[in-house]
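Below is one structure, written out as C-alpha cells, with a few remarks after it.
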Amino acid sequence: MKFLNKIINELLSQNTDLSEFNIVLPGKRPIVFIRRILEENKYSGFLPNFFTIEELIDRIADKQPIQGISLWLFAFDIYKSLNLIPNDDFSDFLKWFPTLQKDWDDILKFSDSDEAVLQYMFDEERIKEWAQDLGEDDDVSEEKVP
C-alpha cells in the first residue's frame, strides 16, 4: 500500500486532474486501494481510467477472447465442419473437449508459439509413420535405439 500511496501522491503533486490518465494494474483489487487513497487526499475530480494488463492487451489487440461456452460452441462448429469419423454429437464432444483444451493451454505455457507446438506434433506423427513404414520392410534389420 505504501507503493500505491507514493505513486498517487506523485501523480497528484504533478497534476490536479487525473481524468486523462490510464493506470494499468495487475488486477482489479488495487483499484479499491487507489480510490481510498484518492479520498484520503481529498481528490474531487474524475477518476483515471483503470485497466488490468489483460484488458489492456485485449484493447490493443482489438480482439475479443473466446471463453467458456462460447469457445465450446465455436470449437464444436469447427469440429463438425471437418466431417471427422467418429462424428460426435455435442454431448459426446463435451466429454473430451475440455480435456483437450486444458492440455493445449498447458502445452502453450511452455512454448513461444502455437505454430511451433503444431509443427512439433506434425513432425512426431511423421516420425511414427516413417517408423511404421520401416517395420513393413522385411530387409531392414530391427535395432533398438536406447
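Quick note on naming: the chains in the C-alpha cells go A, B, ... in the order shown, residues restart at 1 in each chain, and ligands are numbered from 1 in order of appearance.
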
Using DSSP on the backbone coordinates, identify the residues of region 25-68 of chain A assigned to alpha helix (DSSP H); present them as an mmCIF file with C-alpha atoms, in the first residue's frame.
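The result, written out as part_27.cif:
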```cif
data_model
loop_
_atom_site.group_PDB
_atom_site.id
_atom_site.type_symbol
_atom_site.label_atom_id
_atom_site.label_comp_id
_atom_site.auth_asym_id
_atom_site.auth_seq_id
_atom_site.Cartn_x
_atom_site.Cartn_y
_atom_site.Cartn_z
ATOM 1 C CA ARG A 29 -8.164 -5.265 -6.419
ATOM 2 C CA PRO A 30 -5.673 -2.341 -6.335
ATOM 3 C CA ILE A 31 -8.402 -0.059 -7.730
ATOM 4 C CA VAL A 32 -10.164 -0.215 -4.351
ATOM 5 C CA PHE A 33 -6.990 0.928 -2.581
ATOM 6 C CA ILE A 34 -6.304 3.682 -5.117
ATOM 7 C CA ARG A 35 -9.826 5.062 -4.666
ATOM 8 C CA ARG A 36 -9.334 5.047 -0.904
ATOM 9 C CA ILE A 37 -6.000 6.879 -1.278
ATOM 10 C CA LEU A 38 -7.630 9.472 -3.540
ATOM 11 C CA GLU A 39 -10.375 10.007 -0.944
ATOM 12 C CA GLU A 40 -7.773 10.423 1.803
ATOM 13 C CA ILE A 53 -2.977 -5.980 -18.013
ATOM 14 C CA GLU A 54 -5.330 -8.447 -19.702
ATOM 15 C CA GLU A 55 -7.865 -5.720 -20.515
ATOM 16 C CA LEU A 56 -5.126 -3.519 -21.965
ATOM 17 C CA ILE A 57 -3.850 -6.304 -24.206
ATOM 18 C CA ASP A 58 -7.407 -7.060 -25.374
ATOM 19 C CA ARG A 59 -7.927 -3.384 -26.139
ATOM 20 C CA ILE A 60 -4.645 -3.005 -28.010
ATOM 21 C CA ALA A 61 -5.140 -6.220 -29.971
ATOM 22 C CA GLY A 68 -16.310 -20.785 -21.727
#
```

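For the set A:Leu73, A:Lys63, A:Ser19, A:Gly27, the residue with the smallest atom-to-atom gap to Leu47 (chain A) is A:Ser19, counting only C-alpha atoms.
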
Using only C-alpha atoms, which residues sit within 6 Å of Asn22 (chain A) once same-chain residues fewer than 3 positions away are excluded, as a PDB file with C-alpha atoms, in the first residue's frame?
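Result written to part_7.pdb:
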```pdb
ATOM      1  CA  PRO A  48      -8.496   7.974 -14.053  1.00  0.00           C
ATOM      2  CA  ASN A  49      -9.175   5.013 -16.343  1.00  0.00           C
ATOM      3  CA  PHE A  50      -8.172   1.715 -14.772  1.00  0.00           C
TER       4      PHE A  50
END
```

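The protein and nucleic acid residues lying at most 10 Å from Asn41 (chain A) are Asn5, Ile8, Asn9, Leu12 and Arg35 of chain A, with only C-alpha atoms considered and sequence neighbours fewer than 6 positions away removed.
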
Written file, previous selection with C-alpha atoms, as a tab-separated table (two decimals), in the first residue's frame:
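Printed below is out.tsv as written:
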```tsv
chain	number	residue	atom	x	y	z
A	5	ASN	CA	0.43	5.89	-1.82
A	8	ILE	CA	-0.79	8.52	-6.27
A	9	ASN	CA	0.84	11.30	-4.22
A	12	LEU	CA	-1.41	14.44	-7.56
A	35	ARG	CA	-9.83	5.06	-4.67
```

Backbone-only DSSP, strand (DSSP E or B) members of region 8-129 of chain A, as a PyMOL selection string
chain A and resi 22-25+49-52

Keeping only N, CA and C atoms, write those residues as a PDB file, in the first residue's frame.
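Resulting contents of out-v4.pdb:
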```pdb
ATOM      1  N   ASN A  22      -4.436   6.889 -17.732  1.00  0.00           N
ATOM      2  CA  ASN A  22      -4.776   5.470 -17.826  1.00  0.00           C
ATOM      3  C   ASN A  22      -3.803   4.729 -16.918  1.00  0.00           C
ATOM      4  N   ILE A  23      -4.337   4.048 -15.941  1.00  0.00           N
ATOM      5  CA  ILE A  23      -3.497   3.331 -14.985  1.00  0.00           C
ATOM      6  C   ILE A  23      -3.670   1.833 -15.217  1.00  0.00           C
ATOM      7  N   VAL A  24      -2.556   1.176 -15.489  1.00  0.00           N
ATOM      8  CA  VAL A  24      -2.571  -0.264 -15.746  1.00  0.00           C
ATOM      9  C   VAL A  24      -2.120  -0.989 -14.483  1.00  0.00           C
ATOM     10  N   LEU A  25      -2.933  -1.952 -14.061  1.00  0.00           N
ATOM     11  CA  LEU A  25      -2.685  -2.679 -12.821  1.00  0.00           C
ATOM     12  C   LEU A  25      -2.695  -4.178 -13.085  1.00  0.00           C
ATOM     13  N   ASN A  49      -8.734   6.291 -15.791  1.00  0.00           N
ATOM     14  CA  ASN A  49      -9.175   5.013 -16.343  1.00  0.00           C
ATOM     15  C   ASN A  49      -8.294   3.917 -15.772  1.00  0.00           C
ATOM     16  N   PHE A  50      -8.911   2.847 -15.315  1.00  0.00           N
ATOM     17  CA  PHE A  50      -8.172   1.715 -14.772  1.00  0.00           C
ATOM     18  C   PHE A  50      -8.300   0.525 -15.720  1.00  0.00           C
ATOM     19  N   PHE A  51      -7.187  -0.126 -15.994  1.00  0.00           N
ATOM     20  CA  PHE A  51      -7.159  -1.318 -16.837  1.00  0.00           C
ATOM     21  C   PHE A  51      -6.313  -2.380 -16.163  1.00  0.00           C
ATOM     22  N   THR A  52      -6.760  -3.625 -16.284  1.00  0.00           N
ATOM     23  CA  THR A  52      -5.868  -4.719 -15.913  1.00  0.00           C
ATOM     24  C   THR A  52      -4.958  -4.954 -17.119  1.00  0.00           C
TER      25      THR A  52
END
```

Within 10 Å of region 96-108 of chain A, which residues of region 20-83 of chain A come that close, and what is the closest atom pair and distance in Å for each? Count only C-alpha atoms and give it as CSV.
```
residue,atom,partner,partner_atom,distance
A:Gly68,CA,A:Pro98,CA,9.6
A:Leu71,CA,A:Gln101,CA,9.7
A:Trp72,CA,A:Phe97,CA,7.7
A:Ala75,CA,A:Phe97,CA,8.5
A:Phe76,CA,A:Phe97,CA,8.8
```

Pick from A:Asp77, A:Asp17, A:Asp123, A:Asp62, whichever lies nearest to Asp89 (chain A) using only C-alpha atoms
A:Asp77

Could you please determine the separation between CA of Tyr120 (chain A) and CA of Ile66 (chain A) in Å, to one decimal place?
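The value is 25.1 Å.
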